[in-house]
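One structure below.
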Amino acid sequence: MAVEAVPVEEFDAVVIGAGVTGLYALYRLRERGFSVRLYDDAPGVGGTWYWNRYPGARFDSESYTYAYSFCEELVQEWDWEDHYAGQPEVERYLNHVVDRFGMRQDIRLSSRVASAVYRDGDARWDVTLEDGTRSRARFLLTAVGILSAHYVPDFDGLADFEGAWCHTGRWPAEGMELAGKRVGVIGTGSTGVQLVPEIVDEVGSLTVFQRTANYCVPLRNTPVDAATRQRIKATYSDILQACNDSPGGFMYRFDRRSAMEVSRDERMAQHERLWLEPGFKKWLANFYDIMMAGPANDEYSEFLRDKIRARIDDPALAERLVPQGHMFSSKRPPCESGYYDVFNRPNVTLVDVRADPIERITPRGIRTASAEHALDVIVFATGYDAVTGALDRIEIRGENSLTLKEKFAAGPRTYLGLQSVGFPNLFTLNAAQPGGNYVRVAEPIVDWVVDSMAHMRQQGLTAMSPTPDAEEEWTAHVLAASVAKTLRTGADTWLLGANIPGKPRVLLSPPDSALDMRIRRAQIAEQGYTGFVLR
Ligand code: NA7
């Protein structure tokens with residue numbers, strides 16, 4: 001069919017992505033009376049929590065702090081089974097939200113957006129799906145996730161591998177056949193560390209290819225018992241308030257004391273006490289300066305190394321699992337449930353690919369500099385082309401025909417991560433997401449964007465984009481933070497784009513805290529959207 005003949009559906013807004021952020025955007029937009037269509041290429045809703053179905057995929061934040069807060073009835077009626085929910089429970093929850101609020105009718109699944117082109121004349125975005133379906137909307141909201149463009153390193157020979165392989169972010173819904181197989185896992189970030197202990201009982205042998213040893217800490221997940229569930233629900237508003245008042249949206253408060261102002265005995269006692277607690281409390285409720293480069297971090301890093309050593313029977317193997325060369329928390333610390341214990345088993349091998357690099361995939365396995373490792377299955381737990389990767393996969397063309405990918409070639413150029421000059425009415429929700437508790441941070445961003453759209457509608461305005469000066473200033477601020485010597489820039493992470501060969505080394509999220517960003521956005525709106533042009 002000729003392009004002109006394809007019927008075009010008209011909406012106030014198109015949202016791309018049916019994950020946590022996109023679903024909430026859909027909810028809010030509908031509530032405020034905007035017509036919306038949401039597209040997602042997955043066959044089900046959930047976004048990151050749809051695709052990450054690998055065994056062991058689980059929240060690292062408490063389920064009830066990592067869930068929506070916008071509806072008190074929703075909070076009260078949903079019973080979380082686990083303190084740190086596994087993927088199936090999260091997927092069920094997000095489907096429940098969609099059905100509870102009658103949103104499914106506005107969602108098109110298995111619908112991959114190929115392009116979005118801005119039409120200056122009528123200030124609208126023309127959206128075209130891969131199947132040729134077209135729609136048009138004044139506003140385009142990309143809720144495409146920060147860790148959704150999965151990354152498989154470009155190893156020679158993968159196409160000739162005779163076994164099965166997959167990336168954890170595309171784990172097949174029907175599962176992988178692992179029973180009795182020789183399985184290799186490449187990558188020991190949060191994902192690899194969750195996966196390995198879940199599959200070890202099933203596989204015949206497991207070979208873990210580690211490039212960088214991490215500071216993995218015990219998650220200590222447990223089911224939520226009835227009394228605790230009741231207490232959480234009864235005190236939910238306090239929990240939410242604590243999250244919202246904290247810099248990163250977590251319910252913990254740092255100890256305001258420096259670790260170095262108390263005796264060594266006292267700080268070790270605190271580290272030990274918190275060590276037994278679940279989740280992130282071990283560091284987010286600890287002395288504030290363990291999260292800063294310096295002696296407190298050095299000592300805590302050593303405390304964690306000793307915890308690893310104590311778990312591994314073979315001291316030489318333990319030293320290879322102990323992180324060296326980067327500070328605790330310069331990489332996101334993975335939470336583990338039995339990860340280290342796996343390495344005491346006779347059928348588990350650790351390959352240190354920094355000392356013994358992967359040279360190629362062969363038809364029968366993986367060849368490193370020193371050996372060929374025979375494998376039936378290879379699992380890539382090798383991470384994501386963060387934030388911009390998912391945007392780059394859509395042809396987003398603004399004024400003057402420039403694509404967003406071209407504009408971001410040297411790193412994102414935005415104001416607050418929200419908008420970019422030349423792309424009016426495009427809100428890049430994923431790029432506006434500062435580090436922190438994802439859901440707590442996402443809700444206020446969506447609220448701000450929908451408020452600004454409602455403001456425009458009320459004022460009869462049709463186009464919103466940043467001023468060149470505001471964009472320049474913000475981009476310079478991000479660049480300065482990207483080269484500043486801080487914990488965040490102290491390792492080669494996805495946050496800096498440093499995990500993808502050739503990607504510019506620039507912070508991909510706002511460097512300021514979620515709390516600071518929320519306050520700043522509120523001030524901007526109160527002052528009549530300073531730094532933005534509304535036409
Ligand atoms: P991460 O944290 O980016 O981890 C990816 C892992 O894959 C990490 O261990 C990498 O080693 C390893 N990797 C990547 N490329 C290679 C190559 N070429 N060779 C060997 N090893 C490689 O991704 P995850 O999916 O685990 O976690 C993503 C986020 O999800 C996490 O931050 C949480 O917020 C939840 P490296 O450390 O780069 O040396």
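In the structure tokens, chains take the letters A, B, ... in the order shown, each chain's residues start at 1, and ligands count up from 1 in the order shown.
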Considering only C-alpha atoms and all ligand atoms, tabulate each residue of chain A that lies at most 9 Å from ligand 1 along with its nearest interatomic pair and the corresponding distance in Å to one decimal; arrange the rows by chain and ascending residue number and present them as a tab-separated table.
residue	atom	partner	partner_atom_place_in_ligand_line	distance
A:Phe59	CA	ligand 1	35 (C)	8.6
A:Asp60	CA	ligand 1	35 (C)	8.3
A:Leu147	CA	ligand 1	28 (C)	6.6
A:His150	CA	ligand 1	25 (O)	8.2
A:Tyr151	CA	ligand 1	15 (N)	7.9
A:Val152	CA	ligand 1	15 (N)	7.4
A:Pro153	CA	ligand 1	18 (N)	5.0
A:Asp154	CA	ligand 1	18 (N)	7.4
A:Phe155	CA	ligand 1	18 (N)	7.5
A:Thr168	CA	ligand 1	25 (O)	7.5
A:Gly169	CA	ligand 1	25 (O)	7.5
A:Ile186	CA	ligand 1	21 (N)	5.6
A:Gly187	CA	ligand 1	7 (O)	3.4
A:Thr188	CA	ligand 1	9 (O)	3.7
A:Gly189	CA	ligand 1	26 (O)	3.3
A:Ser190	CA	ligand 1	26 (O)	3.9
A:Thr191	CA	ligand 1	26 (O)	3.7
A:Gly192	CA	ligand 1	26 (O)	5.5
A:Val193	CA	ligand 1	26 (O)	7.3
A:Gln194	CA	ligand 1	26 (O)	8.5
A:Phe209	CA	ligand 1	20 (C)	6.7
A:Gln210	CA	ligand 1	21 (N)	6.1
A:Arg211	CA	ligand 1	39 (O)	4.4
A:Thr212	CA	ligand 1	39 (O)	4.2
A:Ala213	CA	ligand 1	37 (O)	7.2
A:Asn214	CA	ligand 1	37 (O)	7.6
A:Lys331	CA	ligand 1	32 (O)	7.5
A:Arg332	CA	ligand 1	32 (O)	5.2
A:Pro333	CA	ligand 1	32 (O)	7.7
A:Pro334	CA	ligand 1	33 (C)	7.0
A:Val353	CA	ligand 1	20 (C)	6.5
A:Arg354	CA	ligand 1	20 (C)	8.0
A:Pro357	CA	ligand 1	19 (N)	7.8
A:Ile358	CA	ligand 1	19 (N)	7.0
A:Phe380	CA	ligand 1	7 (O)	7.5
A:Ala381	CA	ligand 1	7 (O)	5.5
A:Thr382	CA	ligand 1	7 (O)	3.3
A:Gly383	CA	ligand 1	23 (O)	3.3
A:Tyr384	CA	ligand 1	3 (O)	6.0
A:Asp385	CA	ligand 1	3 (O)	8.5
A:Ala386	CA	ligand 1	3 (O)	8.7
A:Ala491	CA	ligand 1	37 (O)	8.7
A:Asp492	CA	ligand 1	38 (O)	6.5
A:Thr493	CA	ligand 1	3 (O)	6.4
A:Trp494	CA	ligand 1	3 (O)	5.6
A:Leu495	CA	ligand 1	32 (O)	8.3
A:Ala498	CA	ligand 1	38 (O)	8.1
A:Asn499	CA	ligand 1	38 (O)	5.5
A:Ile500	CA	ligand 1	15 (N)	7.7
A:Pro501	CA	ligand 1	18 (N)	9.0
Residues as selected, N, CA and C atoms, written as a tab-separated table (two decimals), in the first residue's frame, can you do that?
chain	number	residue	atom	x	y	z
A	59	PHE	N	13.81	-7.75	41.80
A	59	PHE	CA	14.07	-6.41	42.36
A	59	PHE	C	15.24	-6.47	43.33
A	60	ASP	N	16.00	-5.37	43.39
A	60	ASP	CA	16.98	-5.19	44.47
A	60	ASP	C	16.48	-4.17	45.49
A	147	LEU	N	17.79	0.71	30.47
A	147	LEU	CA	18.58	-0.51	30.24
A	147	LEU	C	17.71	-1.48	29.45
A	150	HIS	N	19.64	-4.29	24.58
A	150	HIS	CA	20.60	-5.29	25.08
A	150	HIS	C	21.84	-5.32	24.21
A	151	TYR	N	22.96	-5.62	24.84
A	151	TYR	CA	24.26	-5.52	24.18
A	151	TYR	C	24.94	-6.89	24.16
A	152	VAL	N	25.20	-7.36	22.95
A	152	VAL	CA	25.98	-8.59	22.78
A	152	VAL	C	27.31	-8.19	22.16
A	153	PRO	N	28.42	-8.40	22.86
A	153	PRO	CA	29.72	-7.98	22.30
A	153	PRO	C	29.95	-8.66	20.95
A	154	ASP	N	30.72	-7.98	20.15
A	154	ASP	CA	30.93	-8.40	18.77
A	154	ASP	C	32.05	-9.45	18.69
A	155	PHE	N	31.83	-10.61	19.32
A	155	PHE	CA	32.86	-11.65	19.29
A	155	PHE	C	32.87	-12.32	17.92
A	168	THR	N	20.54	-12.33	28.34
A	168	THR	CA	19.59	-12.42	29.46
A	168	THR	C	18.38	-11.52	29.28
A	169	GLY	N	18.58	-10.37	28.62
A	169	GLY	CA	17.48	-9.43	28.40
A	169	GLY	C	16.52	-9.89	27.30
A	186	ILE	N	28.70	-15.27	30.26
A	186	ILE	CA	29.64	-14.16	30.13
A	186	ILE	C	29.04	-12.94	30.83
A	187	GLY	N	29.75	-12.38	31.80
A	187	GLY	CA	29.26	-11.19	32.48
A	187	GLY	C	28.90	-11.47	33.92
A	188	THR	N	29.40	-10.62	34.80
A	188	THR	CA	29.16	-10.80	36.24
A	188	THR	C	28.68	-9.50	36.86
A	189	GLY	N	27.79	-8.78	36.12
A	189	GLY	CA	27.09	-7.64	36.70
A	189	GLY	C	25.87	-8.12	37.46
A	190	SER	N	24.94	-7.21	37.74
A	190	SER	CA	23.75	-7.57	38.54
A	190	SER	C	23.03	-8.77	37.94
A	191	THR	N	22.98	-8.82	36.60
A	191	THR	CA	22.23	-9.87	35.93
A	191	THR	C	22.91	-11.23	36.07
A	192	GLY	N	24.20	-11.30	35.70
A	192	GLY	CA	24.92	-12.57	35.79
A	192	GLY	C	24.91	-13.11	37.21
A	193	VAL	N	25.03	-12.20	38.16
A	193	VAL	CA	25.09	-12.60	39.57
A	193	VAL	C	23.75	-13.14	40.06
A	194	GLN	N	22.65	-12.62	39.50
A	194	GLN	CA	21.33	-13.19	39.84
A	194	GLN	C	21.13	-14.54	39.16
A	209	PHE	N	32.49	-16.50	32.87
A	209	PHE	CA	33.53	-15.67	32.27
A	209	PHE	C	33.44	-14.29	32.91
A	210	GLN	N	34.40	-13.98	33.76
A	210	GLN	CA	34.37	-12.73	34.53
A	210	GLN	C	35.45	-11.78	34.02
A	211	ARG	N	35.05	-10.55	33.70
A	211	ARG	CA	36.05	-9.55	33.33
A	211	ARG	C	36.42	-8.68	34.52
A	212	THR	N	35.37	-8.27	35.27
A	212	THR	CA	35.62	-7.44	36.44
A	212	THR	C	34.89	-8.06	37.63
A	213	ALA	N	35.64	-8.40	38.67
A	213	ALA	CA	34.99	-8.90	39.89
A	213	ALA	C	34.26	-7.74	40.55
A	214	ASN	N	33.09	-8.04	41.10
A	214	ASN	CA	32.25	-7.00	41.68
A	214	ASN	C	32.17	-7.13	43.20
A	331	LYS	N	30.82	1.04	40.63
A	331	LYS	CA	29.90	0.26	39.80
A	331	LYS	C	28.70	-0.06	40.67
A	332	ARG	N	27.55	-0.19	40.08
A	332	ARG	CA	26.35	-0.53	40.84
A	332	ARG	C	26.58	-1.89	41.51
A	333	PRO	N	26.57	-1.98	42.86
A	333	PRO	CA	26.83	-3.26	43.53
A	333	PRO	C	25.71	-4.26	43.28
A	334	PRO	N	26.02	-5.41	42.71
A	334	PRO	CA	24.98	-6.43	42.53
A	334	PRO	C	24.54	-7.02	43.87
A	353	VAL	N	38.63	-13.32	32.35
A	353	VAL	CA	38.91	-12.96	30.95
A	353	VAL	C	39.74	-11.69	30.82
A	354	ARG	N	40.05	-11.08	31.95
A	354	ARG	CA	41.02	-9.98	31.86
A	354	ARG	C	42.43	-10.58	31.73
A	357	PRO	N	41.93	-13.46	27.96
A	357	PRO	CA	40.82	-12.86	27.20
A	357	PRO	C	40.13	-13.82	26.24
A	358	ILE	N	38.85	-13.55	26.04
A	358	ILE	CA	38.08	-14.29	25.03
A	358	ILE	C	38.63	-13.89	23.66
A	380	PHE	N	24.74	-14.58	27.38
A	380	PHE	CA	25.36	-13.27	27.44
A	380	PHE	C	24.65	-12.45	28.52
A	381	ALA	N	25.33	-12.25	29.64
A	381	ALA	CA	24.81	-11.34	30.68
A	381	ALA	C	25.66	-10.08	30.60
A	382	THR	N	25.75	-9.56	29.37
A	382	THR	CA	26.75	-8.53	29.05
A	382	THR	C	26.20	-7.12	29.03
A	383	GLY	N	24.99	-6.92	29.54
A	383	GLY	CA	24.52	-5.58	29.80
A	383	GLY	C	23.84	-4.89	28.63
A	384	TYR	N	23.84	-3.59	28.70
A	384	TYR	CA	22.98	-2.77	27.83
A	384	TYR	C	23.70	-1.55	27.29
A	385	ASP	N	23.27	-1.14	26.10
A	385	ASP	CA	23.65	0.16	25.54
A	385	ASP	C	22.67	1.16	26.17
A	386	ALA	N	23.07	1.69	27.31
A	386	ALA	CA	22.13	2.38	28.21
A	386	ALA	C	21.60	3.69	27.62
A	491	ALA	N	34.70	4.16	37.44
A	491	ALA	CA	34.79	2.85	36.79
A	491	ALA	C	34.15	2.95	35.40
A	492	ASP	N	34.43	1.96	34.56
A	492	ASP	CA	33.89	1.95	33.19
A	492	ASP	C	32.51	1.31	33.21
A	493	THR	N	31.48	2.13	33.37
A	493	THR	CA	30.12	1.59	33.55
A	493	THR	C	29.19	2.04	32.43
A	494	TRP	N	28.02	1.40	32.41
A	494	TRP	CA	27.00	1.80	31.43
A	494	TRP	C	26.51	3.22	31.66
A	495	LEU	N	26.57	3.67	32.91
A	495	LEU	CA	26.12	5.02	33.24
A	495	LEU	C	26.91	6.06	32.46
A	498	ALA	N	30.56	3.71	29.03
A	498	ALA	CA	31.91	3.17	28.89
A	498	ALA	C	31.94	1.66	28.66
A	499	ASN	N	30.76	1.02	28.72
A	499	ASN	CA	30.71	-0.44	28.47
A	499	ASN	C	30.55	-0.76	26.98
A	500	ILE	N	30.28	0.27	26.17
A	500	ILE	CA	30.04	0.04	24.74
A	500	ILE	C	31.23	0.61	23.96
A	501	PRO	N	31.95	-0.25	23.22
A	501	PRO	CA	33.11	0.26	22.48
A	501	PRO	C	32.71	1.42	21.56
How close does each residue of region 438-532 of chain A get to region 281-296 of chain A, giving the shortest atom pair and distance in Å to one decimal for every residue with an atom at most 10 Å away, counting only C-alpha atoms, sorted by chain and residue number, as a Markdown table?
| residue | atom | partner | partner_atom | distance |
| --- | --- | --- | --- | --- |
| A:Lys485 | CA | A:Ala293 | CA | 8.8 |
| A:Thr486 | CA | A:Ala293 | CA | 6.8 |
| A:Leu487 | CA | A:Ala293 | CA | 6.0 |
| A:Arg488 | CA | A:Met292 | CA | 9.3 |
| A:Gly490 | CA | A:Ala293 | CA | 9.0 |
File dump, residues just selected, N, CA and C atoms, as a PDB file, in the first residue's frame:
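Saved as part.pdb:
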ATOM      1  N   LYS A 485      36.243  13.928  39.317  1.00  0.00           N
ATOM      2  CA  LYS A 485      36.727  12.700  39.968  1.00  0.00           C
ATOM      3  C   LYS A 485      35.794  12.356  41.126  1.00  0.00           C
ATOM      4  N   THR A 486      34.800  11.543  40.847  1.00  0.00           N
ATOM      5  CA  THR A 486      33.843  11.120  41.872  1.00  0.00           C
ATOM      6  C   THR A 486      33.715   9.599  41.806  1.00  0.00           C
ATOM      7  N   LEU A 487      32.965   9.068  42.772  1.00  0.00           N
ATOM      8  CA  LEU A 487      32.735   7.621  42.779  1.00  0.00           C
ATOM      9  C   LEU A 487      32.068   7.182  41.475  1.00  0.00           C
ATOM     10  N   ARG A 488      31.113   8.017  41.025  1.00  0.00           N
ATOM     11  CA  ARG A 488      30.300   7.689  39.856  1.00  0.00           C
ATOM     12  C   ARG A 488      31.127   7.563  38.574  1.00  0.00           C
ATOM     13  N   GLY A 490      34.310   6.671  38.566  1.00  0.00           N
ATOM     14  CA  GLY A 490      35.520   5.927  38.918  1.00  0.00           C
ATOM     15  C   GLY A 490      35.645   4.556  38.272  1.00  0.00           C
TER      16      GLY A 490
END
A:Leu429, A:Ala173, A:Ile199, A:Arg367 ranked by distance to Val450 (chain A), top pick (using only C-alpha atoms): A:Leu429
Residues of region 242-454 of chain A in helix (DSSP H, G or I) according to DSSP, as a ChimeraX atom specification? /A:242-245,259-261,264-275,281-284,288-291,295-309,315-321,340-344,388-392,399-401,404-407,429-432,438-454
Can you list, as number ranges by chain, every residue of region 51-300 of chain A that DSSP puts in strand (DSSP E or B)? A: 58, 82, 86, 107-108, 113-119, 124-129, 134-142, 150, 164-167, 182-186, 205-210, 217-218, 223, 255, 287
Could you write out that same residue set with C-alpha atoms as an mmCIF file, in the first residue's frame?
data_model
loop_
_atom_site.group_PDB
_atom_site.id
_atom_site.type_symbol
_atom_site.label_atom_id
_atom_site.label_comp_id
_atom_site.auth_asym_id
_atom_site.auth_seq_id
_atom_site.Cartn_x
_atom_site.Cartn_y
_atom_site.Cartn_z
ATOM 1 C CA ARG A 58 14.439 -9.863 40.779
ATOM 2 C CA ASP A 82 8.434 -11.310 48.327
ATOM 3 C CA GLY A 86 10.922 -11.786 41.203
ATOM 4 C CA ILE A 107 -1.919 -0.086 24.161
ATOM 5 C CA ARG A 108 -0.680 -1.697 20.960
ATOM 6 C CA VAL A 113 8.016 2.226 16.235
ATOM 7 C CA ALA A 114 10.328 2.646 13.253
ATOM 8 C CA SER A 115 10.281 6.424 12.957
ATOM 9 C CA ALA A 116 8.872 9.610 14.402
ATOM 10 C CA VAL A 117 9.156 12.722 12.263
ATOM 11 C CA TYR A 118 8.279 16.216 13.463
ATOM 12 C CA ARG A 119 6.065 18.305 11.167
ATOM 13 C CA ARG A 124 2.936 17.360 15.340
ATOM 14 C CA TRP A 125 4.860 14.102 15.295
ATOM 15 C CA ASP A 126 4.218 11.573 12.529
ATOM 16 C CA VAL A 127 4.816 8.114 13.953
ATOM 17 C CA THR A 128 5.306 5.085 11.722
ATOM 18 C CA LEU A 129 5.519 1.503 12.930
ATOM 19 C CA ARG A 134 0.820 5.404 11.095
ATOM 20 C CA SER A 135 -0.355 7.832 13.721
ATOM 21 C CA ARG A 136 0.063 11.514 14.431
ATOM 22 C CA ALA A 137 0.280 13.299 17.764
ATOM 23 C CA ARG A 138 1.193 16.668 19.161
ATOM 24 C CA PHE A 139 3.345 15.103 21.882
ATOM 25 C CA LEU A 140 5.791 12.220 21.749
ATOM 26 C CA LEU A 141 6.953 10.634 25.001
ATOM 27 C CA THR A 142 9.788 8.107 24.847
ATOM 28 C CA HIS A 150 20.595 -5.294 25.077
ATOM 29 C CA ALA A 164 22.174 -22.349 21.737
ATOM 30 C CA TRP A 165 22.779 -18.835 22.972
ATOM 31 C CA CYS A 166 20.828 -15.863 24.265
ATOM 32 C CA HIS A 167 21.166 -12.539 26.004
ATOM 33 C CA ARG A 182 27.624 -27.341 29.596
ATOM 34 C CA VAL A 183 26.657 -23.717 30.089
ATOM 35 C CA GLY A 184 28.856 -20.619 29.811
ATOM 36 C CA VAL A 185 27.791 -17.280 31.286
ATOM 37 C CA ILE A 186 29.644 -14.158 30.134
ATOM 38 C CA SER A 205 28.641 -27.729 34.251
ATOM 39 C CA LEU A 206 28.893 -23.972 34.515
ATOM 40 C CA THR A 207 31.722 -21.766 33.278
ATOM 41 C CA VAL A 208 31.549 -18.140 34.388
ATOM 42 C CA PHE A 209 33.528 -15.671 32.273
ATOM 43 C CA GLN A 210 34.367 -12.734 34.528
ATOM 44 C CA VAL A 217 26.325 -8.175 48.643
ATOM 45 C CA PRO A 218 23.687 -10.549 50.010
ATOM 46 C CA PRO A 223 8.567 -13.845 51.665
ATOM 47 C CA ASP A 255 24.216 7.792 59.161
ATOM 48 C CA PHE A 287 28.102 6.148 57.409
#
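Within 12 Å of Ile519 (chain A), once only C-alpha atoms are used and residues closer than 3 positions along the same chain are dropped, the contacting residues are Asn244, Asp245, Pro247, Pro444, Ile445, Trp448, Asp512, Ser513, Ala514, Leu515, Asp516, Ala522, Gln523, Ile524, Ala525 and Glu526 of chain A.
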Residues at most 9 Å from Pro434 (chain A), counting only C-alpha atoms, excluding those fewer than 5 positions away in the same chain, as an MDAnalysis selection string? chainID A and resid 248 417 441:442 508:514 517
Next, dump the selected residues to file, keeping only C-alpha atoms, as a short mmCIF file (atom, residue, chain, number, x, y, z; two decimals), in the first residue's frame.
data_model
loop_
_atom_site.label_atom_id
_atom_site.label_comp_id
_atom_site.auth_asym_id
_atom_site.auth_seq_id
_atom_site.Cartn_x
_atom_site.Cartn_y
_atom_site.Cartn_z
CA GLY A 248 17.65 8.88 45.52
CA GLY A 417 17.44 15.20 30.04
CA VAL A 441 12.04 8.86 40.39
CA ALA A 442 9.93 8.13 37.29
CA LEU A 508 23.76 9.38 30.46
CA SER A 509 21.58 10.47 33.38
CA PRO A 510 21.24 13.81 35.13
CA PRO A 511 24.15 14.06 37.56
CA ASP A 512 22.07 15.76 40.27
CA SER A 513 20.06 13.84 42.80
CA ALA A 514 16.48 12.87 42.08
CA MET A 517 15.92 17.48 40.10
#
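Excluding region 66-79 of chain A and any residue on its chain fewer than 6 positions from it, the residues at most 9 Å away by only C-alpha atoms are Val20, Tyr24, Phe59, Val90, Tyr93, Val97, Arg100, Val224, Arg229, Lys233, Ala234, Tyr236, Leu240, Phe250, Asn437, Tyr438, Val439, Arg440 and Glu443 of chain A.
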For the selection you just gave me, I'd like the residues written to a file as an mmCIF file, in the first residue's frame, keeping C-alpha atoms.
data_model
loop_
_atom_site.group_PDB
_atom_site.id
_atom_site.type_symbol
_atom_site.label_atom_id
_atom_site.label_comp_id
_atom_site.auth_asym_id
_atom_site.auth_seq_id
_atom_site.Cartn_x
_atom_site.Cartn_y
_atom_site.Cartn_z
ATOM 1 C CA VAL A 20 6.953 1.156 34.381
ATOM 2 C CA TYR A 24 2.284 5.475 34.275
ATOM 3 C CA PHE A 59 14.068 -6.407 42.357
ATOM 4 C CA VAL A 90 6.458 -7.924 38.779
ATOM 5 C CA TYR A 93 1.644 -6.623 39.021
ATOM 6 C CA VAL A 97 -2.294 -2.204 36.872
ATOM 7 C CA ARG A 100 -7.380 -2.320 36.878
ATOM 8 C CA VAL A 224 6.459 -11.071 53.170
ATOM 9 C CA ARG A 229 2.354 -6.939 55.015
ATOM 10 C CA LYS A 233 0.310 -1.103 54.318
ATOM 11 C CA ALA A 234 -0.562 0.695 57.533
ATOM 12 C CA TYR A 236 2.836 3.151 53.632
ATOM 13 C CA LEU A 240 6.629 6.858 50.723
ATOM 14 C CA PHE A 250 15.122 5.098 48.838
ATOM 15 C CA ASN A 437 14.948 4.100 43.047
ATOM 16 C CA TYR A 438 13.585 3.932 39.505
ATOM 17 C CA VAL A 439 9.860 4.058 40.132
ATOM 18 C CA ARG A 440 10.043 6.741 42.817
ATOM 19 C CA GLU A 443 6.545 9.106 38.710
#
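CA of Leu418 (chain A) is found 15.7 Å from CA of Ala13 (chain A).
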Separation of CA of Gln419 (chain A) and CA of Leu94 (chain A), in Å? 27.2 Å
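Reported to one decimal place, the separation of CA of Glu302 (chain A) from CA of Ala57 (chain A) is 27.9 Å.
Taking only C-alpha atoms into account, Glu177 (chain A) lies nearest to A:Ile378 out of the set A:Trp275, A:Phe280, A:Ile378, A:Arg521.
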With distances taken over only C-alpha atoms, the candidate from A:Gly121, A:Gly180, A:Gly398, A:Gly19 nearest Asn430 (chain A) is A:Gly19
